[in-house]
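Engineer: First the structure, which I've put down as structure tokens, then a few questions once you've had a look.
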Amino acid sequence: AIALKYLKNTQMAEDAVQHVFVKLWESTSDIHIEINLKNYLYTMTKNYILNQIRDRKDEISLNYINAQIDIPGQEDVIKAMDDKQMRNLLYQGVESLPPQKKEICLRKLETTDSNQQIAEKMGISINTVKSHYQESIKMLRLYFDQIKI
């Protein structure tokens, strides 16, 4: 049970237990067990497994590194997909805003216009742009909370 707990692989666990029993069998004349045999086997198995993990650590690390190299750009693709999905959700939220707030948000998202420039283009005061934008952000946060993002 301990072998399977640590190794999470039935074949490797069986190999570990077999190795421990062979080791015990080979050294029965040299070993004087003064404690419970079950505890002794448990300790032997645990030590063997930990040694195996330590010895294979470099091999596993190398396999992990190679696996990352084998799939070039995987993280970039996943990130791009996540970014696109988030952008789509954002635009869906913006679509649900009242018309003036929606227009201000779209201008902030799609242009590099300052609040002053947006105010001039829309014919409203800069304070109106600021307050509508702040209210829009609050509304979008509520929207994202509702859709559990």
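Residues in the structure tokens are named by chain (A, B, ... in the order shown) and by number from 1 within that chain; ligands are numbered from 1 in the order shown.
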Identify, on the basis of only C-alpha atoms, every residue whose closest approach to Arg141 of chain A does not exceed 12 Å; exclude the query and any residue fewer than 5 positions from it along the same chain; express the result as an NGL selection string.
Structural biologist: :A and (89-90 or 93-94 or 97 or 134-136 or 146-149)
Engineer: Would you pick out the contacts of Ala3 of chain A at 12 Å or less, using only C-alpha atoms, so that residues sharing its chain but fewer than 3 positions from it are not included, and give the list as a list in words?
Structural biologist: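 In the requested format, the answer is Tyr6, Leu7, Lys8, Asn9, Thr10, Gln11, Met12, Ala13, Glu14, Asp15, Ala16, Val17, Gln18, His19, Val20, Leu41, Tyr42, Thr43, Met44, Thr45, Lys46, Asn47, Tyr48, Ile49, Leu50, Gln52 and Ile53 of chain A.
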Engineer: Got time to write the residues from that selection, N, CA and C atoms, as an mmCIF file, in the first residue's frame?
Structural biologist:
data_model
loop_
_atom_site.group_PDB
_atom_site.id
_atom_site.type_symbol
_atom_site.label_atom_id
_atom_site.label_comp_id
_atom_site.auth_asym_id
_atom_site.auth_seq_id
_atom_site.Cartn_x
_atom_site.Cartn_y
_atom_site.Cartn_z
ATOM 1 N N TYR A 6 3.107 6.149 -2.709
ATOM 2 C CA TYR A 6 4.199 7.028 -3.108
ATOM 3 C C TYR A 6 4.398 7.059 -4.622
ATOM 4 N N LEU A 7 4.304 5.901 -5.262
ATOM 5 C CA LEU A 7 4.671 5.810 -6.681
ATOM 6 C C LEU A 7 3.510 6.073 -7.631
ATOM 7 N N LYS A 8 2.288 5.863 -7.184
ATOM 8 C CA LYS A 8 1.091 6.103 -8.009
ATOM 9 C C LYS A 8 1.124 5.308 -9.320
ATOM 10 N N ASN A 9 1.814 4.152 -9.291
ATOM 11 C CA ASN A 9 1.938 3.312 -10.475
ATOM 12 C C ASN A 9 2.002 1.871 -9.988
ATOM 13 N N THR A 10 1.054 1.045 -10.408
ATOM 14 C CA THR A 10 0.961 -0.327 -9.914
ATOM 15 C C THR A 10 2.212 -1.129 -10.229
ATOM 16 N N GLN A 11 2.701 -1.043 -11.456
ATOM 17 C CA GLN A 11 3.877 -1.817 -11.857
ATOM 18 C C GLN A 11 5.110 -1.420 -11.041
ATOM 19 N N MET A 12 5.321 -0.130 -10.878
ATOM 20 C CA MET A 12 6.471 0.333 -10.099
ATOM 21 C C MET A 12 6.326 -0.070 -8.629
ATOM 22 N N ALA A 13 5.116 -0.041 -8.106
ATOM 23 C CA ALA A 13 4.880 -0.435 -6.716
ATOM 24 C C ALA A 13 5.176 -1.918 -6.524
ATOM 25 N N GLU A 14 4.730 -2.744 -7.468
ATOM 26 C CA GLU A 14 5.013 -4.180 -7.392
ATOM 27 C C GLU A 14 6.510 -4.441 -7.459
ATOM 28 N N ASP A 15 7.206 -3.734 -8.328
ATOM 29 C CA ASP A 15 8.659 -3.888 -8.437
ATOM 30 C C ASP A 15 9.344 -3.511 -7.126
ATOM 31 N N ALA A 16 8.894 -2.442 -6.504
ATOM 32 C CA ALA A 16 9.492 -1.998 -5.244
ATOM 33 C C ALA A 16 9.294 -3.041 -4.151
ATOM 34 N N VAL A 17 8.085 -3.568 -4.031
ATOM 35 C CA VAL A 17 7.801 -4.578 -3.007
ATOM 36 C C VAL A 17 8.615 -5.840 -3.278
ATOM 37 N N GLN A 18 8.687 -6.232 -4.534
ATOM 38 C CA GLN A 18 9.475 -7.419 -4.888
ATOM 39 C C GLN A 18 10.947 -7.205 -4.532
ATOM 40 N N HIS A 19 11.477 -6.047 -4.831
ATOM 41 C CA HIS A 19 12.874 -5.749 -4.507
ATOM 42 C C HIS A 19 13.112 -5.844 -2.997
ATOM 43 N N VAL A 20 12.187 -5.306 -2.213
ATOM 44 C CA VAL A 20 12.331 -5.333 -0.754
ATOM 45 C C VAL A 20 12.308 -6.772 -0.241
ATOM 46 N N LEU A 41 9.456 -4.166 7.341
ATOM 47 C CA LEU A 41 9.188 -4.180 5.894
ATOM 48 C C LEU A 41 8.682 -2.822 5.421
ATOM 49 N N TYR A 42 7.841 -2.202 6.216
ATOM 50 C CA TYR A 42 7.325 -0.874 5.890
ATOM 51 C C TYR A 42 8.478 0.114 5.738
ATOM 52 N N THR A 43 9.391 0.103 6.707
ATOM 53 C CA THR A 43 10.531 1.026 6.669
ATOM 54 C C THR A 43 11.443 0.727 5.492
ATOM 55 N N MET A 44 11.707 -0.555 5.243
ATOM 56 C CA MET A 44 12.547 -0.927 4.093
ATOM 57 C C MET A 44 11.924 -0.448 2.781
ATOM 58 N N THR A 45 10.624 -0.675 2.655
ATOM 59 C CA THR A 45 9.925 -0.278 1.427
ATOM 60 C C THR A 45 9.959 1.231 1.255
ATOM 61 N N LYS A 46 9.672 1.938 2.317
ATOM 62 C CA LYS A 46 9.669 3.399 2.247
ATOM 63 C C LYS A 46 11.049 3.925 1.868
ATOM 64 N N ASN A 47 12.089 3.413 2.495
ATOM 65 C CA ASN A 47 13.449 3.858 2.176
ATOM 66 C C ASN A 47 13.820 3.538 0.733
ATOM 67 N N TYR A 48 13.458 2.342 0.273
ATOM 68 C CA TYR A 48 13.751 1.968 -1.114
ATOM 69 C C TYR A 48 13.051 2.928 -2.086
ATOM 70 N N ILE A 49 11.788 3.209 -1.822
ATOM 71 C CA ILE A 49 11.012 4.098 -2.700
ATOM 72 C C ILE A 49 11.603 5.502 -2.703
ATOM 73 N N LEU A 50 11.935 6.009 -1.534
ATOM 74 C CA LEU A 50 12.517 7.355 -1.468
ATOM 75 C C LEU A 50 13.857 7.411 -2.199
ATOM 76 N N GLN A 52 14.636 5.508 -4.747
ATOM 77 C CA GLN A 52 14.288 5.451 -6.173
ATOM 78 C C GLN A 52 13.833 6.816 -6.680
ATOM 79 N N ILE A 53 13.023 7.471 -5.897
ATOM 80 C CA ILE A 53 12.538 8.802 -6.293
ATOM 81 C C ILE A 53 13.706 9.767 -6.399
#
Engineer: Which one is closest to Met139 of chain A: A:Ser96, A:Ser125, A:Asn88, A:Asn115? Count only C-alpha atoms.
Structural biologist: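 Ranked by minimum distance to Met139 of chain A, first place goes to A:Ser96.
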Engineer: Please compute the atom CA of Ile137 of chain A-atom CA of Cys105 of chain A distance, one decimal, in Å.
Structural biologist: 8.6 Å
